[in-house]
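This is model.csv (CSV, C-alpha atoms).
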```csv
chain,number,residue,atom,x,y,z
A,293,MET,CA,0.0,0.0,0.0
A,294,SER,CA,2.6,2.5,-1.1
A,295,ASP,CA,0.1,4.8,-2.9
A,296,PRO,CA,-2.0,7.0,-0.6
A,297,PHE,CA,-5.7,6.5,-0.6
A,298,PRO,CA,-7.5,9.0,-2.7
A,299,SER,CA,-10.2,9.6,-0.1
A,300,LEU,CA,-11.3,8.5,3.3
A,301,GLU,CA,-14.1,6.5,1.8
A,302,ALA,CA,-11.7,4.7,-0.5
A,303,ALA,CA,-9.4,3.9,2.5
A,304,ILE,CA,-12.3,2.4,4.5
A,305,ALA,CA,-13.5,0.4,1.4
A,306,ALA,CA,-10.0,-1.0,0.8
A,307,LEU,CA,-9.2,-1.9,4.4
A,308,ARG,CA,-12.6,-3.6,5.2
A,309,PRO,CA,-11.9,-6.9,3.3
A,310,VAL,CA,-8.3,-7.0,4.6
A,311,TYR,CA,-9.4,-6.6,8.2
A,312,HIS,CA,-12.1,-9.2,8.0
A,313,THR,CA,-9.9,-11.7,6.0
A,314,ILE,CA,-7.3,-11.5,8.8
A,315,GLY,CA,-9.7,-13.1,11.2
A,316,ALA,CA,-10.3,-16.0,8.8
A,317,LEU,CA,-6.6,-16.4,8.3
A,318,GLN,CA,-5.9,-16.4,12.0
A,319,ALA,CA,-8.6,-19.1,12.6
A,320,ARG,CA,-7.2,-21.2,9.7
A,321,ARG,CA,-3.7,-20.9,11.1
A,322,GLU,CA,-4.9,-22.1,14.6
A,323,GLU,CA,-6.7,-25.0,13.0
A,324,LEU,CA,-3.7,-26.1,11.0
A,325,ARG,CA,-1.5,-25.8,14.1
A,326,ALA,CA,-3.9,-28.1,15.9
A,327,VAL,CA,-3.5,-30.9,13.3
A,328,PRO,CA,-0.6,-32.6,15.0
A,329,LEU,CA,-2.8,-33.1,18.1
A,330,ALA,CA,-4.8,-35.6,16.1
A,331,GLN,CA,-1.7,-37.6,15.2
A,332,ALA,CA,-0.5,-37.5,18.9
A,333,PHE,CA,-4.0,-38.7,20.0
A,334,LEU,CA,-3.9,-41.6,17.6
A,335,ASP,CA,-0.3,-42.5,18.5
A,336,ASP,CA,-1.2,-42.6,22.2
A,337,LEU,CA,-4.1,-45.1,21.4
A,338,LEU,CA,-1.8,-47.3,19.4
A,339,ALA,CA,1.3,-46.9,21.6
A,340,SER,CA,1.5,-50.5,23.0
A,341,ASP,CA,1.2,-52.1,19.6
A,342,GLN,CA,3.7,-49.7,18.1
A,343,MET,CA,6.2,-50.3,20.8
A,344,ARG,CA,5.8,-54.1,20.3
A,345,LEU,CA,6.4,-53.7,16.6
A,346,ASP,CA,9.4,-51.4,17.1
A,347,ALA,CA,11.0,-54.0,19.5
A,348,LEU,CA,10.5,-56.8,17.0
A,349,ILE,CA,11.9,-54.8,14.2
A,350,GLU,CA,15.0,-54.0,16.3
A,351,GLU,CA,15.4,-57.7,17.1
A,352,GLN,CA,15.0,-58.6,13.4
A,353,ALA,CA,17.7,-56.1,12.4
A,354,ALA,CA,20.1,-57.4,15.1
A,355,LEU,CA,19.6,-61.0,13.9
A,356,GLU,CA,20.1,-60.0,10.3
A,357,LYS,CA,23.3,-58.3,11.2
A,358,ARG,CA,24.6,-61.4,13.0
A,359,LEU,CA,23.7,-63.7,10.1
A,360,HIS,CA,25.0,-61.4,7.4
A,361,PRO,CA,27.8,-59.2,8.9
A,362,LYS,CA,29.2,-56.5,6.7
A,363,PRO,CA,32.9,-57.0,5.9
A,364,LYS,CA,35.2,-54.6,7.7
A,365,SER,CA,36.6,-51.8,5.5
A,366,THR,CA,40.4,-51.9,4.9
A,367,LEU,CA,40.5,-48.2,4.0
A,368,PRO,CA,42.1,-45.9,6.5
A,369,PRO,CA,39.8,-43.5,8.3
A,370,PRO,CA,39.4,-40.1,6.8
A,371,PRO,CA,41.6,-37.3,8.4
A,372,ARG,CA,39.9,-35.4,11.1
A,373,LEU,CA,39.5,-31.7,10.4
A,374,ARG,CA,40.2,-29.3,13.2
A,375,PRO,CA,37.7,-26.5,13.5
A,376,ASP,CA,39.0,-23.1,12.4
A,377,ARG,CA,39.0,-21.2,15.7
A,378,ASP,CA,41.4,-18.5,14.7
A,379,LYS,CA,39.3,-16.8,12.0
A,380,GLY,CA,36.4,-15.9,14.2
A,381,VAL,CA,33.9,-17.8,12.1
A,382,SER,CA,30.5,-17.4,13.7
A,383,ASP,CA,28.4,-20.3,14.5
A,384,PRO,CA,25.2,-20.1,12.3
A,385,THR,CA,23.3,-22.2,14.8
A,386,GLN,CA,23.6,-19.5,17.4
A,387,SER,CA,20.6,-17.2,17.2
A,388,ARG,CA,21.1,-13.5,17.9
A,389,THR,CA,18.6,-11.1,19.3
A,390,MET,CA,18.2,-8.3,16.8
A,391,THR,CA,17.4,-4.9,18.3
A,392,PRO,CA,14.8,-3.0,16.3
A,393,PRO,CA,15.9,0.2,14.7
A,394,ALA,CA,15.2,3.4,16.6
A,395,ASP,CA,12.5,4.5,14.1
A,396,HIS,CA,10.7,1.2,14.6
A,397,ARG,CA,10.8,1.6,18.4
A,398,LEU,CA,9.5,5.1,18.0
A,399,ARG,CA,6.6,4.0,15.8
A,400,ARG,CA,5.7,1.4,18.3
A,401,ARG,CA,5.7,3.9,21.2
A,402,GLU,CA,3.5,6.3,19.2
A,403,LEU,CA,1.1,3.6,18.2
A,404,LYS,CA,0.8,2.4,21.8
A,405,LYS,CA,0.2,6.0,23.0
A,406,LEU,CA,-2.6,6.5,20.4
A,407,LEU,CA,-4.3,3.2,21.3
A,408,VAL,CA,-4.1,3.8,25.0
A,409,PHE,CA,-5.6,7.3,24.9
A,410,GLY,CA,-7.9,6.8,21.9
A,411,PHE,CA,-9.2,3.2,22.0
A,412,PHE,CA,-8.4,1.3,25.2
A,413,ALA,CA,-11.5,2.6,26.9
A,414,GLN,CA,-13.6,0.4,24.6
A,415,LEU,CA,-11.5,-2.7,25.1
A,416,ASP,CA,-11.5,-5.2,28.0
A,417,ALA,CA,-8.3,-5.6,30.1
A,418,GLU,CA,-7.4,-8.9,28.5
A,419,VAL,CA,-7.4,-7.4,25.0
A,420,GLN,CA,-5.5,-4.4,26.3
A,421,ALA,CA,-2.8,-6.6,27.7
A,422,GLU,CA,-2.5,-8.6,24.5
A,423,ILE,CA,-2.1,-5.4,22.4
A,424,ASN,CA,0.5,-4.1,24.8
A,425,GLY,CA,2.4,-7.4,24.6
A,426,ILE,CA,2.5,-7.3,20.8
A,427,ILE,CA,3.6,-3.7,20.7
A,428,ASP,CA,6.3,-4.2,23.3
A,429,ASP,CA,7.7,-7.2,21.5
A,430,GLY,CA,9.8,-5.8,18.7
A,431,ALA,CA,9.6,-9.0,16.7
A,432,ARG,CA,5.8,-9.2,16.5
A,433,PRO,CA,4.0,-7.3,13.7
A,434,LEU,CA,2.0,-4.2,14.7
A,435,GLY,CA,-0.8,-5.3,12.4
A,436,ALA,CA,-1.5,-8.1,14.8
A,437,ALA,CA,-2.2,-5.5,17.5
A,438,LEU,CA,-4.5,-3.5,15.1
A,439,ALA,CA,-6.4,-6.6,14.2
A,440,LEU,CA,-7.5,-6.9,17.8
A,441,LEU,CA,-9.4,-3.6,17.6
A,442,GLY,CA,-13.0,-3.5,16.5
A,443,TRP,CA,-13.7,-2.4,12.9
A,444,ASP,CA,-15.2,0.9,14.4
A,445,ALA,CA,-11.6,1.9,15.3
A,446,PHE,CA,-10.8,2.1,11.6
A,447,GLU,CA,-14.1,3.4,10.3
A,448,GLN,CA,-14.8,6.0,13.0
A,449,PRO,CA,-12.5,9.0,13.8
A,450,VAL,CA,-10.9,9.3,17.2
A,451,ALA,CA,-12.4,12.1,19.4
A,452,GLY,CA,-11.0,15.4,18.0
A,453,GLU,CA,-9.6,13.7,14.8
A,454,GLY,CA,-10.3,15.6,11.6
A,455,HIS,CA,-11.0,14.2,8.2
A,456,ASP,CA,-7.5,14.5,6.9
A,457,THR,CA,-5.9,13.2,10.1
A,458,HIS,CA,-8.2,10.2,10.0
A,459,LEU,CA,-7.2,9.5,6.4
A,460,ILE,CA,-3.5,9.7,7.3
A,461,ARG,CA,-4.0,7.3,10.2
A,462,LEU,CA,-5.8,4.8,7.9
A,463,GLN,CA,-2.9,5.1,5.5
A,464,ASP,CA,-0.4,4.2,8.2
A,465,TRP,CA,-2.6,1.5,9.7
A,466,GLY,CA,-3.4,0.1,6.3
A,467,GLU,CA,0.2,-0.6,5.6
A,468,LEU,CA,0.6,-2.4,8.9
A,469,LEU,CA,-2.6,-4.3,8.4
A,470,CYS,CA,-1.6,-5.4,4.9
A,471,GLU,CA,1.8,-6.5,6.1
A,472,TYR,CA,0.3,-8.6,8.8
A,473,HIS,CA,-2.3,-10.0,6.3
A,474,ASN,CA,0.5,-11.1,3.9
A,475,THR,CA,2.5,-12.6,6.8
A,476,LEU,CA,-0.5,-14.6,7.8
A,477,GLU,CA,-1.0,-15.9,4.2
A,478,ARG,CA,2.6,-17.1,4.1
A,479,GLU,CA,2.3,-18.8,7.5
A,480,VAL,CA,-1.0,-20.5,6.6
A,481,ALA,CA,0.6,-21.7,3.3
A,482,ALA,CA,3.7,-23.0,5.1
A,483,ASP,CA,1.6,-24.7,7.8
A,484,LEU,CA,-0.6,-26.3,5.2
A,485,ARG,CA,2.4,-27.8,3.4
A,486,GLN,CA,3.7,-29.1,6.7
A,487,VAL,CA,0.5,-30.9,7.7
A,488,ALA,CA,-1.0,-31.8,4.3
A,489,GLY,CA,-0.5,-35.5,4.9
A,490,SER,CA,-2.4,-35.4,8.2
A,491,LEU,CA,-5.4,-33.3,7.2
A,492,ALA,CA,-7.7,-36.3,6.6
A,493,LEU,CA,-6.7,-37.8,10.0
A,494,TRP,CA,-7.5,-34.4,11.6
A,495,GLU,CA,-10.9,-34.2,10.0
A,496,ARG,CA,-11.8,-37.6,11.3
A,497,TRP,CA,-10.5,-36.7,14.8
A,498,ARG,CA,-12.3,-33.4,14.8
A,499,ALA,CA,-15.6,-35.0,13.7
A,500,ARG,CA,-15.6,-37.5,16.6
A,501,GLU,CA,-17.7,-35.1,18.7
A,502,THR,CA,-20.8,-36.2,16.7
A,503,HIS,CA,-22.3,-39.7,17.0
A,504,ASP,CA,-21.5,-40.7,13.4
A,505,GLY,CA,-18.1,-39.1,13.7
A,506,ARG,CA,-17.3,-41.0,16.8
A,507,THR,CA,-18.3,-44.3,15.1
A,508,ALA,CA,-16.2,-43.5,12.1
A,509,TRP,CA,-13.2,-42.5,14.3
A,510,GLU,CA,-13.4,-45.7,16.3
A,511,ALA,CA,-13.6,-47.8,13.2
A,512,TYR,CA,-10.6,-45.9,11.8
A,513,VAL,CA,-8.6,-46.6,15.0
A,514,GLU,CA,-9.4,-50.3,14.8
A,515,ARG,CA,-8.3,-50.4,11.2
A,516,GLU,CA,-5.0,-48.8,12.2
A,517,ARG,CA,-4.6,-51.2,15.1
A,518,GLY,CA,-5.3,-54.1,12.8
A,519,ARG,CA,-2.6,-52.8,10.4
A,520,LEU,CA,-0.1,-52.7,13.2
A,521,GLN,CA,-1.0,-56.2,14.5
A,522,GLN,CA,-0.7,-57.6,11.0
A,523,ALA,CA,2.8,-56.0,10.7
A,524,ILE,CA,3.6,-57.6,14.1
A,525,THR,CA,2.5,-61.0,12.8
A,526,ASN,CA,4.6,-60.6,9.7
A,527,VAL,CA,7.7,-59.6,11.6
A,528,GLU,CA,7.2,-62.4,14.2
A,529,ALA,CA,7.0,-65.0,11.3
A,530,ASN,CA,10.3,-63.6,9.8
A,531,LEU,CA,11.9,-63.7,13.3
A,532,ARG,CA,11.1,-67.4,13.7
A,533,LEU,CA,13.0,-68.1,10.5
A,534,LEU,CA,15.9,-65.9,11.5
A,535,ARG,CA,16.2,-67.5,14.9
A,536,CYS,CA,16.3,-70.9,13.3
A,537,ALA,CA,19.0,-69.8,10.9
A,538,ALA,CA,21.0,-68.3,13.8
A,539,ALA,CA,20.7,-71.5,15.8
A,540,GLU,CA,21.8,-73.6,12.8
A,541,LYS,CA,24.8,-71.2,12.2
A,542,ALA,CA,25.8,-71.5,15.9
A,543,ALA,CA,25.6,-75.3,15.8
A,544,CYS,CA,28.0,-75.4,12.8
A,545,LEU,CA,30.6,-73.3,14.6
```

Let me see whether you can do it: turn the structure in this file into structure tokens.
Amino acid sequence: MSDPFPSLEAAIAALRPVYHTIGALQARREELRAVPLAQAFLDDLLASDQMRLDALIEEQAALEKRLHPKPKSTLPPPPRLRPDRDKGVSDPTQSRTMTPPADHRLRRRELKKLLVFGFFAQLDAEVQAEINGIIDDGARPLGAALALLGWDAFEQPVAGEGHDTHLIRLQDWGELLCEYHNTLEREVAADLRQVAGSLALWERWRARETHDGRTAWEAYVERERGRLQQAITNVEANLRLLRCAAAEKAACL
């Protein structure tokens, strides 16, 4: 939003869909970040079978290693490289706390002052505290604080605020709101890519609050348990063969 709004009416019309879409994006982000809970819930239900399968697979791998040992390498080990400590190479894994530039800190202070004196009277203490926390944290987007205000805070002027001053405020707030909107879109897209494989499971888990959903969820859990138990049966059958082979090999020594 680098170009100024041509009028106050245009500013309000342009910001209204951005403001309301932010709420939908926030809700979607929270939904996607709850998706791993469904997998954790299922894992807990199947934990005993999974632990049994893991133990059998570990035993199978150990027996296969005994029966078919890999020949030892005759090559000398590679030379060990000493870390270069004299060149002052920084460790990229060490995070650094970046101090916001002075103009950013000033902008945050000015916004906080405006909100406290112009809008906090209409907000409950919990929302006030959340807004203050966002503004005081230099790493959090100011648009997130503005999104906690009611739409009236954008549409209506502050007491004593003239038409032109209102328009200038919306120009400034519009930039912050759009930046936050774009950040949310990127976060939602990234979260969606991360949990795409678990969305169907999450939908089943979320629907279990209804009678039909509960029935479908329980049937799904039983299918997953049956899949694990079949895998256990298969590994146990293979283990019996491996144990016999190991016993025969030991008898021949």

Separation of atom CA of A:Leu307 from atom CA of A:Leu440, in Å and rounded to one decimal: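 Between these atoms lies a distance of 14.4 Å.
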
Which residue of A:Asp464, A:Phe297, A:Ala445, A:Ala330 approaches A:Ala499 most closely, using only C-alpha atoms: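 Closest residue, counting only C-alpha atoms: A:Ala330.
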
Interatomic distance, atom CA of A:Leu434 to atom CA of A:Pro328 (Å, one decimal):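 Atom CA of A:Pro328 lies 28.5 Å from atom CA of A:Leu434.
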
Atom-to-atom span, atom CA of A:Gln342 and atom CA of A:Thr525, Å: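 One can read the atom CA of A:Gln342 to atom CA of A:Thr525 distance as 12.5 Å.
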
Shell of 12 Å around A:Leu406, all atoms listed in the file, local chain residues under 3 positions omitted, as a list in words: Arg399, Arg400, Arg401, Glu402, Leu403, Phe409, Gly410, Phe411, Phe412, Ala413, Asn424, Ile427, Leu438, Ala445, Val450, Ala451, Glu453, Arg461 and Trp465 of chain A

Nearest-residue call for A:Glu510, choices A:Met343, A:Leu476, A:Cys470, A:Leu337, using only C-alpha atoms: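 Under the stated criterion, the closest residue is A:Leu337.
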
Test item: residues at most 7 Å from A:Leu520, all atoms listed in the file, excluding those fewer than 4 positions along its chain, as a list of chain:residue names: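 Skipping anything fewer than 4 positions along the chain leaves A:Asp341, A:Gln342, A:Glu516, A:Ile524.
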
Pick from A:His396, A:Gly435, A:Pro363, A:Glu322, whichever lies nearest to A:Val310 using only C-alpha atoms: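 Of A:His396, A:Gly435, A:Pro363, A:Glu322, the one nearest A:Val310 is A:Gly435, counting only C-alpha atoms.
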
Contacts of A:Arg535 within 12 Å, only C-alpha atoms, excl. fewer than 2 positions in-chain, as a PyMOL selection string: chain A and resi 351-356+358-359+528-533+537-542

Quick test: take stretch 393-498 of chain A, keep C-alpha atoms, and write it as an mmCIF file, in the first residue's frame.
```cif
data_model
loop_
_atom_site.group_PDB
_atom_site.id
_atom_site.type_symbol
_atom_site.label_atom_id
_atom_site.label_comp_id
_atom_site.auth_asym_id
_atom_site.auth_seq_id
_atom_site.Cartn_x
_atom_site.Cartn_y
_atom_site.Cartn_z
ATOM 1 C CA PRO A 393 15.935 0.216 14.660
ATOM 2 C CA ALA A 394 15.199 3.395 16.566
ATOM 3 C CA ASP A 395 12.483 4.498 14.121
ATOM 4 C CA HIS A 396 10.676 1.179 14.601
ATOM 5 C CA ARG A 397 10.772 1.580 18.361
ATOM 6 C CA LEU A 398 9.469 5.126 18.026
ATOM 7 C CA ARG A 399 6.645 3.967 15.781
ATOM 8 C CA ARG A 400 5.675 1.350 18.341
ATOM 9 C CA ARG A 401 5.671 3.879 21.171
ATOM 10 C CA GLU A 402 3.545 6.306 19.178
ATOM 11 C CA LEU A 403 1.055 3.611 18.225
ATOM 12 C CA LYS A 404 0.810 2.449 21.824
ATOM 13 C CA LYS A 405 0.167 5.994 23.017
ATOM 14 C CA LEU A 406 -2.552 6.488 20.395
ATOM 15 C CA LEU A 407 -4.264 3.211 21.254
ATOM 16 C CA VAL A 408 -4.095 3.789 25.002
ATOM 17 C CA PHE A 409 -5.624 7.256 24.855
ATOM 18 C CA GLY A 410 -7.924 6.780 21.876
ATOM 19 C CA PHE A 411 -9.204 3.206 21.960
ATOM 20 C CA PHE A 412 -8.409 1.321 25.164
ATOM 21 C CA ALA A 413 -11.542 2.595 26.905
ATOM 22 C CA GLN A 414 -13.618 0.397 24.560
ATOM 23 C CA LEU A 415 -11.507 -2.729 25.150
ATOM 24 C CA ASP A 416 -11.480 -5.168 28.038
ATOM 25 C CA ALA A 417 -8.349 -5.640 30.127
ATOM 26 C CA GLU A 418 -7.386 -8.927 28.451
ATOM 27 C CA VAL A 419 -7.351 -7.404 24.964
ATOM 28 C CA GLN A 420 -5.471 -4.361 26.256
ATOM 29 C CA ALA A 421 -2.798 -6.620 27.736
ATOM 30 C CA GLU A 422 -2.515 -8.599 24.504
ATOM 31 C CA ILE A 423 -2.128 -5.433 22.443
ATOM 32 C CA ASN A 424 0.526 -4.101 24.818
ATOM 33 C CA GLY A 425 2.395 -7.402 24.624
ATOM 34 C CA ILE A 426 2.462 -7.297 20.826
ATOM 35 C CA ILE A 427 3.618 -3.689 20.666
ATOM 36 C CA ASP A 428 6.297 -4.181 23.333
ATOM 37 C CA ASP A 429 7.710 -7.197 21.474
ATOM 38 C CA GLY A 430 9.780 -5.757 18.654
ATOM 39 C CA ALA A 431 9.608 -9.026 16.711
ATOM 40 C CA ARG A 432 5.813 -9.156 16.475
ATOM 41 C CA PRO A 433 3.954 -7.338 13.690
ATOM 42 C CA LEU A 434 2.040 -4.240 14.687
ATOM 43 C CA GLY A 435 -0.764 -5.298 12.389
ATOM 44 C CA ALA A 436 -1.515 -8.104 14.841
ATOM 45 C CA ALA A 437 -2.242 -5.477 17.490
ATOM 46 C CA LEU A 438 -4.462 -3.468 15.147
ATOM 47 C CA ALA A 439 -6.399 -6.604 14.209
ATOM 48 C CA LEU A 440 -7.521 -6.875 17.840
ATOM 49 C CA LEU A 441 -9.387 -3.585 17.573
ATOM 50 C CA GLY A 442 -12.983 -3.516 16.475
ATOM 51 C CA TRP A 443 -13.723 -2.366 12.936
ATOM 52 C CA ASP A 444 -15.156 0.861 14.360
ATOM 53 C CA ALA A 445 -11.619 1.883 15.310
ATOM 54 C CA PHE A 446 -10.839 2.086 11.597
ATOM 55 C CA GLU A 447 -14.122 3.401 10.312
ATOM 56 C CA GLN A 448 -14.776 6.043 12.961
ATOM 57 C CA PRO A 449 -12.498 8.977 13.821
ATOM 58 C CA VAL A 450 -10.931 9.340 17.230
ATOM 59 C CA ALA A 451 -12.378 12.120 19.363
ATOM 60 C CA GLY A 452 -11.048 15.387 17.980
ATOM 61 C CA GLU A 453 -9.634 13.740 14.830
ATOM 62 C CA GLY A 454 -10.326 15.622 11.621
ATOM 63 C CA HIS A 455 -11.042 14.163 8.196
ATOM 64 C CA ASP A 456 -7.480 14.531 6.913
ATOM 65 C CA THR A 457 -5.903 13.177 10.103
ATOM 66 C CA HIS A 458 -8.237 10.191 10.002
ATOM 67 C CA LEU A 459 -7.187 9.500 6.424
ATOM 68 C CA ILE A 460 -3.484 9.733 7.326
ATOM 69 C CA ARG A 461 -4.032 7.325 10.219
ATOM 70 C CA LEU A 462 -5.758 4.812 7.948
ATOM 71 C CA GLN A 463 -2.925 5.096 5.450
ATOM 72 C CA ASP A 464 -0.445 4.192 8.196
ATOM 73 C CA TRP A 465 -2.627 1.495 9.721
ATOM 74 C CA GLY A 466 -3.420 0.106 6.300
ATOM 75 C CA GLU A 467 0.248 -0.570 5.632
ATOM 76 C CA LEU A 468 0.611 -2.377 8.950
ATOM 77 C CA LEU A 469 -2.585 -4.332 8.443
ATOM 78 C CA CYS A 470 -1.636 -5.431 4.926
ATOM 79 C CA GLU A 471 1.840 -6.481 6.066
ATOM 80 C CA TYR A 472 0.280 -8.629 8.764
ATOM 81 C CA HIS A 473 -2.269 -10.031 6.304
ATOM 82 C CA ASN A 474 0.530 -11.062 3.943
ATOM 83 C CA THR A 475 2.489 -12.610 6.819
ATOM 84 C CA LEU A 476 -0.547 -14.649 7.818
ATOM 85 C CA GLU A 477 -1.028 -15.853 4.246
ATOM 86 C CA ARG A 478 2.573 -17.068 4.129
ATOM 87 C CA GLU A 479 2.272 -18.765 7.519
ATOM 88 C CA VAL A 480 -0.963 -20.509 6.572
ATOM 89 C CA ALA A 481 0.568 -21.736 3.305
ATOM 90 C CA ALA A 482 3.656 -23.028 5.138
ATOM 91 C CA ASP A 483 1.569 -24.735 7.831
ATOM 92 C CA LEU A 484 -0.632 -26.312 5.184
ATOM 93 C CA ARG A 485 2.377 -27.774 3.377
ATOM 94 C CA GLN A 486 3.709 -29.143 6.658
ATOM 95 C CA VAL A 487 0.526 -30.945 7.722
ATOM 96 C CA ALA A 488 -0.959 -31.788 4.318
ATOM 97 C CA GLY A 489 -0.488 -35.513 4.896
ATOM 98 C CA SER A 490 -2.387 -35.410 8.202
ATOM 99 C CA LEU A 491 -5.415 -33.331 7.219
ATOM 100 C CA ALA A 492 -7.657 -36.345 6.575
ATOM 101 C CA LEU A 493 -6.743 -37.783 9.976
ATOM 102 C CA TRP A 494 -7.461 -34.440 11.631
ATOM 103 C CA GLU A 495 -10.866 -34.186 9.952
ATOM 104 C CA ARG A 496 -11.765 -37.634 11.311
ATOM 105 C CA TRP A 497 -10.503 -36.712 14.769
ATOM 106 C CA ARG A 498 -12.344 -33.391 14.826
#
```
